[in-house]
>>> print(open('final.pdb').read())   # PDB, C-alpha atoms
ATOM      1  CA  MET A 283      31.145 102.088 124.793
ATOM      2  CA  ALA A 284      34.149 101.080 126.791
ATOM      3  CA  LEU A 285      34.522  98.026 124.659
ATOM      4  CA  LYS A 286      34.374 100.080 121.451
ATOM      5  CA  SER A 287      37.103 102.476 122.632
ATOM      6  CA  LEU A 288      39.293  99.526 123.633
ATOM      7  CA  PHE A 289      39.045  98.083 120.090
ATOM      8  CA  ALA A 290      39.816 101.508 118.618
ATOM      9  CA  ARG A 291      42.975 101.782 120.732
ATOM     10  CA  VAL A 292      44.124  98.299 119.713
ATOM     11  CA  GLU A 293      43.512  99.123 116.019
ATOM     12  CA  ARG A 294      45.550 102.324 116.222
ATOM     13  CA  GLY A 295      48.444 100.536 118.028
ATOM     14  CA  GLN A 296      48.647  97.851 115.344
ATOM     15  CA  SER A 297      48.352 100.139 112.399
ATOM     16  CA  GLY A 298      51.975  99.524 111.017
ATOM     17  CA  PHE A 299      53.831 101.561 108.369
ATOM     18  CA  THR A 300      52.444 103.314 105.360
ATOM     19  CA  LEU A 301      53.610 102.476 101.847
ATOM     20  CA  VAL A 302      55.516 105.775 101.596
ATOM     21  CA  GLU A 303      57.390 105.055 104.843
ATOM     22  CA  LEU A 304      58.354 101.590 103.588
ATOM     23  CA  LEU A 305      59.611 102.983 100.257
ATOM     24  CA  VAL A 306      61.729 105.667 101.952
ATOM     25  CA  ALA A 307      63.211 103.145 104.408
ATOM     26  CA  SER A 308      63.980 100.712 101.566
ATOM     27  CA  ALA A 309      65.663 103.423  99.507
ATOM     28  CA  LEU A 310      67.824 104.484 102.465
ATOM     29  CA  MET A 311      68.788 100.878 103.124
ATOM     30  CA  VAL A 312      69.822 100.418  99.481
ATOM     31  CA  VAL A 313      71.995 103.574  99.628
ATOM     32  CA  VAL A 314      73.707 102.401 102.836
ATOM     33  CA  LEU A 315      74.300  98.903 101.430
ATOM     34  CA  LEU A 316      75.754 100.305  98.187
ATOM     35  CA  ALA A 317      78.141 102.493 100.186
ATOM     36  CA  LEU A 318      79.219  99.518 102.288
ATOM     37  CA  PHE A 319      79.753  97.334  99.217
ATOM     38  CA  GLY A 320      81.784 100.115  97.570
ATOM     39  CA  LEU A 321      83.996 100.410 100.637
ATOM     40  CA  PHE A 322      84.422  96.643 100.777
ATOM     41  CA  ASP A 323      85.346  96.524  97.075
ATOM     42  CA  ALA A 324      87.931  99.320  97.453
ATOM     43  CA  THR A 325      89.455  97.554 100.443
ATOM     44  CA  GLN A 326      89.660  94.270  98.550
ATOM     45  CA  ARG A 327      91.460  95.996  95.658
ATOM     46  CA  LEU A 328      94.067  97.439  98.058
ATOM     47  CA  VAL A 329      94.843  94.145  99.775
ATOM     48  CA  PRO A 330      97.147  92.819  96.996
ATOM     49  CA  GLN A 331      99.066  96.116  96.963
ATOM     50  CA  ASP A 332      99.610  95.993 100.704
ATOM     51  CA  GLN A 333     100.621  92.335 100.610
ATOM     52  CA  GLU A 334     103.024  92.993  97.751
ATOM     53  CA  ARG A 335     104.552  95.976  99.532
ATOM     54  CA  ALA A 336     105.007  93.977 102.736
ATOM     55  CA  GLN A 337     106.614  91.074 100.852
ATOM     56  CA  GLN A 338     108.972  93.415  98.963
ATOM     57  CA  LEU A 339     110.037  95.100 102.198
ATOM     58  CA  ARG A 340     110.517  91.787 103.986
ATOM     59  CA  ASP A 341     112.625  90.372 101.133
ATOM     60  CA  THR A 342     114.797  93.482 100.910
ATOM     61  CA  GLU A 343     115.315  93.688 104.647
ATOM     62  CA  THR A 344     116.405  90.051 104.658
ATOM     63  CA  GLY A 345     118.747  90.609 101.702
ATOM     64  CA  VAL A 346     120.403  93.686 103.228
ATOM     65  CA  TYR A 347     120.824  91.876 106.544
ATOM     66  CA  GLN A 348     122.322  88.801 104.851
ATOM     67  CA  MET A 349     124.726  90.964 102.854
ATOM     68  CA  THR A 350     125.977  93.104 105.732
ATOM     69  CA  HIS A 351     126.135  90.146 108.119
ATOM     70  CA  GLU A 352     128.325  88.153 105.743
ATOM     71  CA  LEU A 353     130.548  91.080 104.764
ATOM     72  CA  ARG A 354     131.249  91.865 108.422
ATOM     73  CA  LEU A 355     133.200  88.600 108.384
ATOM     74  CA  ALA A 356     135.533  89.757 105.574
ATOM     75  CA  TYR A 357     139.223  89.300 106.327
ATOM     76  CA  SER A 358     140.618  90.517 102.999
ATOM     77  CA  LEU A 359     139.208  92.793 100.311
ATOM     78  CA  ILE A 360     139.603  91.778  96.689
ATOM     79  CA  ALA A 361     137.733  94.536  94.856
ATOM     80  CA  THR A 362     135.300  97.297  95.789
ATOM     81  CA  SER A 363     133.167  99.687  93.791
ATOM     82  CA  ALA A 364     129.938 101.627  94.186
ATOM     83  CA  TYR A 365     127.898  98.608  93.033
ATOM     84  CA  ALA A 366     130.097  95.625  93.893
ATOM     85  CA  PHE A 367     131.935  94.277  96.907
ATOM     86  CA  GLU A 368     134.284  91.323  96.642
ATOM     87  CA  ALA A 369     136.106  89.836  99.605
ATOM     88  CA  ASN A 370     137.353  86.700 101.273
ATOM     89  CA  VAL A 371     135.063  85.871 104.159
ATOM     90  CA  ASP A 372     135.549  83.495 107.068
ATOM     91  CA  GLU A 373     132.302  81.653 107.776
ATOM     92  CA  ASN A 374     132.336  78.927 110.412
ATOM     93  CA  GLY A 375     136.061  78.370 109.956
ATOM     94  CA  GLN A 376     135.747  78.096 106.167
ATOM     95  CA  SER A 377     137.250  80.657 103.808
ATOM     96  CA  LEU A 378     134.843  81.780 101.068
ATOM     97  CA  HIS A 379     135.450  84.113  98.128
ATOM     98  CA  VAL A 380     132.233  86.136  97.906
ATOM     99  CA  LEU A 381     131.134  88.800  95.411
ATOM    100  CA  TYR A 382     128.036  90.936  95.891
ATOM    101  CA  ASP A 383     127.322  92.297  92.430
ATOM    102  CA  CYS A 384     124.611  94.997  92.330
ATOM    103  CA  SER A 385     125.273  96.185  88.779
ATOM    104  CA  GLY A 386     122.709  94.036  86.937
ATOM    105  CA  SER A 387     119.113  94.719  85.947
ATOM    106  CA  SER A 388     116.133  93.369  87.812
ATOM    107  CA  SER A 389     113.915  90.794  86.143
ATOM    108  CA  ILE A 390     110.909  92.640  87.610
ATOM    109  CA  ASN A 391     111.640  95.965  85.911
ATOM    110  CA  PRO A 392     114.674  96.559  83.630
ATOM    111  CA  SER A 393     115.150 100.113  84.938
ATOM    112  CA  TRP A 394     115.681  98.744  88.465
ATOM    113  CA  GLY A 395     118.801  97.045  89.746
ATOM    114  CA  GLN A 396     119.352  93.639  91.317
ATOM    115  CA  CYS A 397     121.987  92.395  93.785
ATOM    116  CA  LEU A 398     123.417  88.926  93.320
ATOM    117  CA  ARG A 399     125.620  86.989  95.724
ATOM    118  CA  LYS A 400     128.214  85.023  93.809
ATOM    119  CA  LEU A 401     130.375  82.392  95.430
ATOM    120  CA  ILE A 402     133.653  82.294  93.505
ATOM    121  CA  GLY A 403     135.626  79.053  93.353
ATOM    122  CA  SER A 404     139.239  78.347  92.586
ATOM    123  CA  GLY A 405     140.334  79.718  89.240
ATOM    124  CA  GLY A 406     137.845  82.585  89.496
ATOM    125  CA  THR A 407     134.833  80.610  88.260
ATOM    126  CA  THR A 408     131.422  81.337  89.732
ATOM    127  CA  GLN A 409     130.139  78.323  91.655
ATOM    128  CA  THR A 410     126.736  79.633  92.731
ATOM    129  CA  THR A 411     124.691  82.754  92.112
ATOM    130  CA  THR A 412     121.932  83.708  94.547
ATOM    131  CA  PRO A 413     119.640  86.748  94.230
ATOM    132  CA  THR A 414     119.960  88.827  97.392
ATOM    133  CA  ILE A 415     117.927  91.945  96.578
ATOM    134  CA  ALA A 416     115.433  91.451  93.750
ATOM    135  CA  ALA A 417     114.817  95.114  92.962
ATOM    136  CA  PHE A 418     116.222  98.501  93.926
ATOM    137  CA  THR A 419     115.949 101.908  92.286
ATOM    138  CA  ASN A 420     119.257 103.608  93.138
ATOM    139  CA  THR A 421     121.126 102.216  90.129
ATOM    140  CA  SER A 422     124.114 103.848  88.457
ATOM    141  CA  ALA A 423     121.796 104.975  85.630
ATOM    142  CA  SER A 424     119.468 106.742  88.088
ATOM    143  CA  ALA A 425     122.327 108.890  89.414
ATOM    144  CA  GLY A 426     121.146 108.121  92.942
ATOM    145  CA  LYS A 427     123.264 107.332  95.963
ATOM    146  CA  PRO A 428     125.297 104.160  95.269
ATOM    147  CA  ILE A 429     124.768 100.869  97.094
ATOM    148  CA  PHE A 430     128.240 100.814  98.659
ATOM    149  CA  THR A 431     130.213 103.808  99.931
ATOM    150  CA  TYR A 432     133.528 103.465 101.705
ATOM    151  CA  THR A 433     135.256 105.284 104.522
ATOM    152  CA  THR A 434     139.041 105.027 104.555
ATOM    153  CA  ASN A 435     141.686 105.841 107.143
ATOM    154  CA  SER A 436     144.779 107.999 106.646
ATOM    155  CA  LYS A 437     146.598 105.041 105.039
ATOM    156  CA  GLY A 438     143.861 104.668 102.410
ATOM    157  CA  GLU A 439     142.551 101.438 103.929
ATOM    158  CA  THR A 440     138.818 100.797 104.010
ATOM    159  CA  THR A 441     137.537 100.949 107.582
ATOM    160  CA  TYR A 442     133.756 101.245 107.163
ATOM    161  CA  VAL A 443     131.311 100.307 104.420
ATOM    162  CA  SER A 444     127.866 101.931 104.146
ATOM    163  CA  VAL A 445     125.062 100.082 102.386
ATOM    164  CA  HIS A 446     122.217 102.177 100.964
ATOM    165  CA  VAL A 447     119.285 100.527  99.160
ATOM    166  CA  GLU A 448     116.211 102.330  97.824
ATOM    167  CA  VAL A 449     113.397  99.890  97.195
ATOM    168  CA  PRO A 450     110.188 100.465  95.252
ATOM    169  CA  ALA A 451     107.098  99.740  97.325
ATOM    170  CA  GLN A 452     105.845  97.469  94.594
ATOM    171  CA  GLY A 453     107.082  94.158  93.355
ATOM    172  CA  LYS A 454     106.214  91.650  90.674
ATOM    173  CA  LEU A 455     102.551  92.651  90.481
ATOM    174  CA  LYS A 456     103.578  96.274  89.799
ATOM    175  CA  THR A 457     100.480  97.516  91.579
ATOM    176  CA  GLY A 458     102.065  98.722  94.802
ATOM    177  CA  ALA A 459     102.672 102.259  95.945
ATOM    178  CA  ALA A 460     104.797 104.591  93.797
ATOM    179  CA  TYR A 461     107.133 105.770  96.560
ATOM    180  CA  ARG A 462     110.455 104.247  97.669
ATOM    181  CA  ILE A 463     111.603 102.843 100.975
ATOM    182  CA  THR A 464     115.224 103.362 101.991
ATOM    183  CA  TYR A 465     117.368 100.856 103.872
ATOM    184  CA  ASP A 466     120.652 102.048 105.329
ATOM    185  CA  ASP A 467     123.093  99.746 107.054
ATOM    186  CA  GLY A 468     126.814  99.427 107.331
ATOM    187  CA  PHE A 469     129.670  97.568 108.918
ATOM    188  CA  TYR A 470     133.176  98.145 110.217
ATOM    189  CA  MET A 471     135.990  96.191 108.614
ATOM    190  CA  ARG A 472     137.287  94.789 111.926
ATOM    191  CA  ASN A 473     138.757  91.559 110.580
ATOM    192  CA  LEU A 474     141.061  92.986 107.917
ATOM    193  CA  ASP A 475     144.725  92.173 108.386
ATOM    194  CA  VAL A 476     145.984  95.751 108.569
TER
END
>>> encode(input="final.pdb", output="structure tokens")
Amino acid sequence: MALKSLFARVERGQSGFTLVELLVASALMVVVLLALFGLFDATQRLVPQDQERAQQLRDTETGVYQMTHELRLAYSLIATSAYAFEANVDENGQSLHVLYDCSGSSSINPSWGQCLRKLIGSGGTTQTTTPTIAAFTNTSASAGKPIFTYTTNSKGETTYVSVHVEVPAQGKLKTGAAYRITYDDGFYMRNLDV
């Protein structure tokens, strides 16, 4: 009798799962896996947008820094407007005639603007043209705040230049976020012969 009850206990302990339990567990596992795959897919679709946004911001930040850094070295102004700044700049003991022209259209989106750095040679001919900011949204057509605004002293001389750039959070892929990021910088005109 003792032996029979021992076998009965072993049989009950090794009984396993029923078919219904296995079907329910399998169905729950499928639901969880589908949810995980959906989350993974959504994340993978957002990666290019985030990378594009980061690249656009990095490029614009570099362009604004390059522009303001170089224009801080201006020793004489040639022409200024809301979307252009032209000056003679002293870089490493060399005098350069530089024009930052932000009045053109971007190749990414024609309704956006683009800033170009033009190095002007003798006779007023453009020697080199380098894109500085590939895309910004505060163009003259958008009626937004201009790229360059100027503060003058009582004599009418420019003493400070503000740079304001509104950048779309999307770039060439045009899949980024719809909002804009604003960069504000500026520089004092310390080197002008006043």
>>> closest_atom_pairs(input="final.pdb", of="segment 317-372 of chain A", to="segment 405-419 of chain A", cutoff="9 Å", atoms="only C-alpha atoms", output="Markdown table")
| residue | atom | partner | partner_atom | distance |
| --- | --- | --- | --- | --- |
| A:Gln338 | CA | A:Ala416 | CA | 8.5 |
| A:Asp341 | CA | A:Ile415 | CA | 7.2 |
| A:Thr342 | CA | A:Ile415 | CA | 5.6 |
| A:Glu343 | CA | A:Ile415 | CA | 8.7 |
| A:Thr344 | CA | A:Thr414 | CA | 8.2 |
| A:Gly345 | CA | A:Thr414 | CA | 4.8 |
| A:Val346 | CA | A:Ile415 | CA | 7.3 |
| A:Gln348 | CA | A:Thr414 | CA | 7.8 |
| A:Met349 | CA | A:Thr414 | CA | 7.6 |
>>> resolve_selection(input="final.pdb", expression="the PyMOL selection byres ((chain A and resi 356-364) around 7)", output="PDB file with C-alpha atoms, in the frame of the given file")
ATOM      1  CA  LEU A 353     130.548  91.080 104.764  1.00  0.00           C
ATOM      2  CA  ARG A 354     131.249  91.865 108.422  1.00  0.00           C
ATOM      3  CA  LEU A 355     133.200  88.600 108.384  1.00  0.00           C
ATOM      4  CA  TYR A 365     127.898  98.608  93.033  1.00  0.00           C
ATOM      5  CA  ALA A 366     130.097  95.625  93.893  1.00  0.00           C
ATOM      6  CA  PHE A 367     131.935  94.277  96.907  1.00  0.00           C
ATOM      7  CA  GLU A 368     134.284  91.323  96.642  1.00  0.00           C
ATOM      8  CA  ALA A 369     136.106  89.836  99.605  1.00  0.00           C
ATOM      9  CA  ASN A 370     137.353  86.700 101.273  1.00  0.00           C
ATOM     10  CA  VAL A 371     135.063  85.871 104.159  1.00  0.00           C
ATOM     11  CA  ASP A 372     135.549  83.495 107.068  1.00  0.00           C
ATOM     12  CA  PRO A 428     125.297 104.160  95.269  1.00  0.00           C
ATOM     13  CA  ILE A 429     124.768 100.869  97.094  1.00  0.00           C
ATOM     14  CA  PHE A 430     128.240 100.814  98.659  1.00  0.00           C
ATOM     15  CA  THR A 431     130.213 103.808  99.931  1.00  0.00           C
ATOM     16  CA  ASN A 473     138.757  91.559 110.580  1.00  0.00           C
ATOM     17  CA  LEU A 474     141.061  92.986 107.917  1.00  0.00           C
ATOM     18  CA  ASP A 475     144.725  92.173 108.386  1.00  0.00           C
TER      19      ASP A 475
END
>>> closest_residue(input="final.pdb", among="A:Gly395, A:Thr350, A:Leu381, A:Gln326", to="Met471 of chain A", atoms="all atoms listed in the file")
A:Thr350
>>> resolve_selection(input="final.pdb", expression="the PyMOL selection byres ((chain A and resi 432) around 8)", output="JSON, numbers by chain")
{"A": [430, 431, 433, 434, 440, 441, 442, 443, 444]}
>>> closest_residue(input="final.pdb", among="A:Cys384, A:Glu352, A:Glu303, A:Ile390", to="Gly468 of chain A", atoms="all atoms listed in the file")
A:Glu352
>>> atom_distance(input="final.pdb", atom1="atom CA of Tyr465 of chain A", atom2="atom CA of Val445 of chain A")
7.9 Å
>>> closest_residue(input="final.pdb", among="A:Asn435, A:Gln376, A:Ile463, A:His446", to="Arg335 of chain A", atoms="all atoms listed in the file")
A:Ile463
>>> closest_residue(input="final.pdb", among="A:Leu378, A:Phe469, A:Pro450, A:Trp394", to="Glu334 of chain A", atoms="all atoms listed in the file")
A:Pro450
>>> atom_distance(input="final.pdb", atom1="atom CA of Glu448 of chain A", atom2="atom CA of Ala336 of chain A")
14.8 Å
>>> closest_residue(input="final.pdb", among="A:Val329, A:Met311, A:Leu316, A:Val447", to="Tyr347 of chain A", atoms="all atoms listed in the file")
A:Val447
>>> atom_distance(input="final.pdb", atom1="atom CA of Asn374 of chain A", atom2="atom CA of Gln396 of chain A")
27.4 Å
>>> closest_residue(input="final.pdb", among="A:Glu373, A:Ala324, A:Lys400, A:Thr421", to="Ser387 of chain A", atoms="only C-alpha atoms")
A:Thr421
>>> build_atoms(input="final.pdb", residues="segment 368-383 of chain A", atoms="N, CA and C atoms", output="CSV table (one decimal), in the frame of the given file")
chain,number,residue,atom,x,y,z
A,368,GLU,N,133.7,92.7,96.8
A,368,GLU,CA,134.3,91.3,96.6
A,368,GLU,C,135.3,91.1,97.7
A,369,ALA,N,135.2,90.1,98.5
A,369,ALA,CA,136.1,89.8,99.6
A,369,ALA,C,136.2,88.4,99.9
A,370,ASN,N,137.3,88.0,100.7
A,370,ASN,CA,137.4,86.7,101.3
A,370,ASN,C,136.7,86.8,102.6
A,371,VAL,N,135.9,85.9,102.9
A,371,VAL,CA,135.1,85.9,104.2
A,371,VAL,C,135.3,84.6,104.9
A,372,ASP,N,135.4,84.7,106.2
A,372,ASP,CA,135.5,83.5,107.1
A,372,ASP,C,134.2,83.2,107.7
A,373,GLU,N,133.6,82.1,107.2
A,373,GLU,CA,132.3,81.7,107.8
A,373,GLU,C,132.4,80.3,108.4
A,374,ASN,N,132.3,80.2,109.7
A,374,ASN,CA,132.3,78.9,110.4
A,374,ASN,C,133.7,78.2,110.2
A,375,GLY,N,134.7,79.0,110.2
A,375,GLY,CA,136.1,78.4,110.0
A,375,GLY,C,136.4,78.0,108.5
A,376,GLN,N,135.5,78.4,107.6
A,376,GLN,CA,135.7,78.1,106.2
A,376,GLN,C,135.9,79.4,105.4
A,377,SER,N,137.0,79.5,104.6
A,377,SER,CA,137.2,80.7,103.8
A,377,SER,C,136.4,80.6,102.5
A,378,LEU,N,135.7,81.7,102.3
A,378,LEU,CA,134.8,81.8,101.1
A,378,LEU,C,135.2,83.0,100.3
A,379,HIS,N,135.2,83.0,99.0
A,379,HIS,CA,135.4,84.1,98.1
A,379,HIS,C,134.1,84.5,97.7
A,380,VAL,N,133.6,85.7,98.1
A,380,VAL,CA,132.2,86.1,97.9
A,380,VAL,C,132.2,87.5,97.1
A,381,LEU,N,131.3,87.6,96.2
A,381,LEU,CA,131.1,88.8,95.4
A,381,LEU,C,129.7,89.2,95.5
A,382,TYR,N,129.4,90.4,96.0
A,382,TYR,CA,128.0,90.9,95.9
A,382,TYR,C,128.0,91.9,94.7
A,383,ASP,N,127.4,91.5,93.7
A,383,ASP,CA,127.3,92.3,92.4
A,383,ASP,C,125.9,92.9,92.3
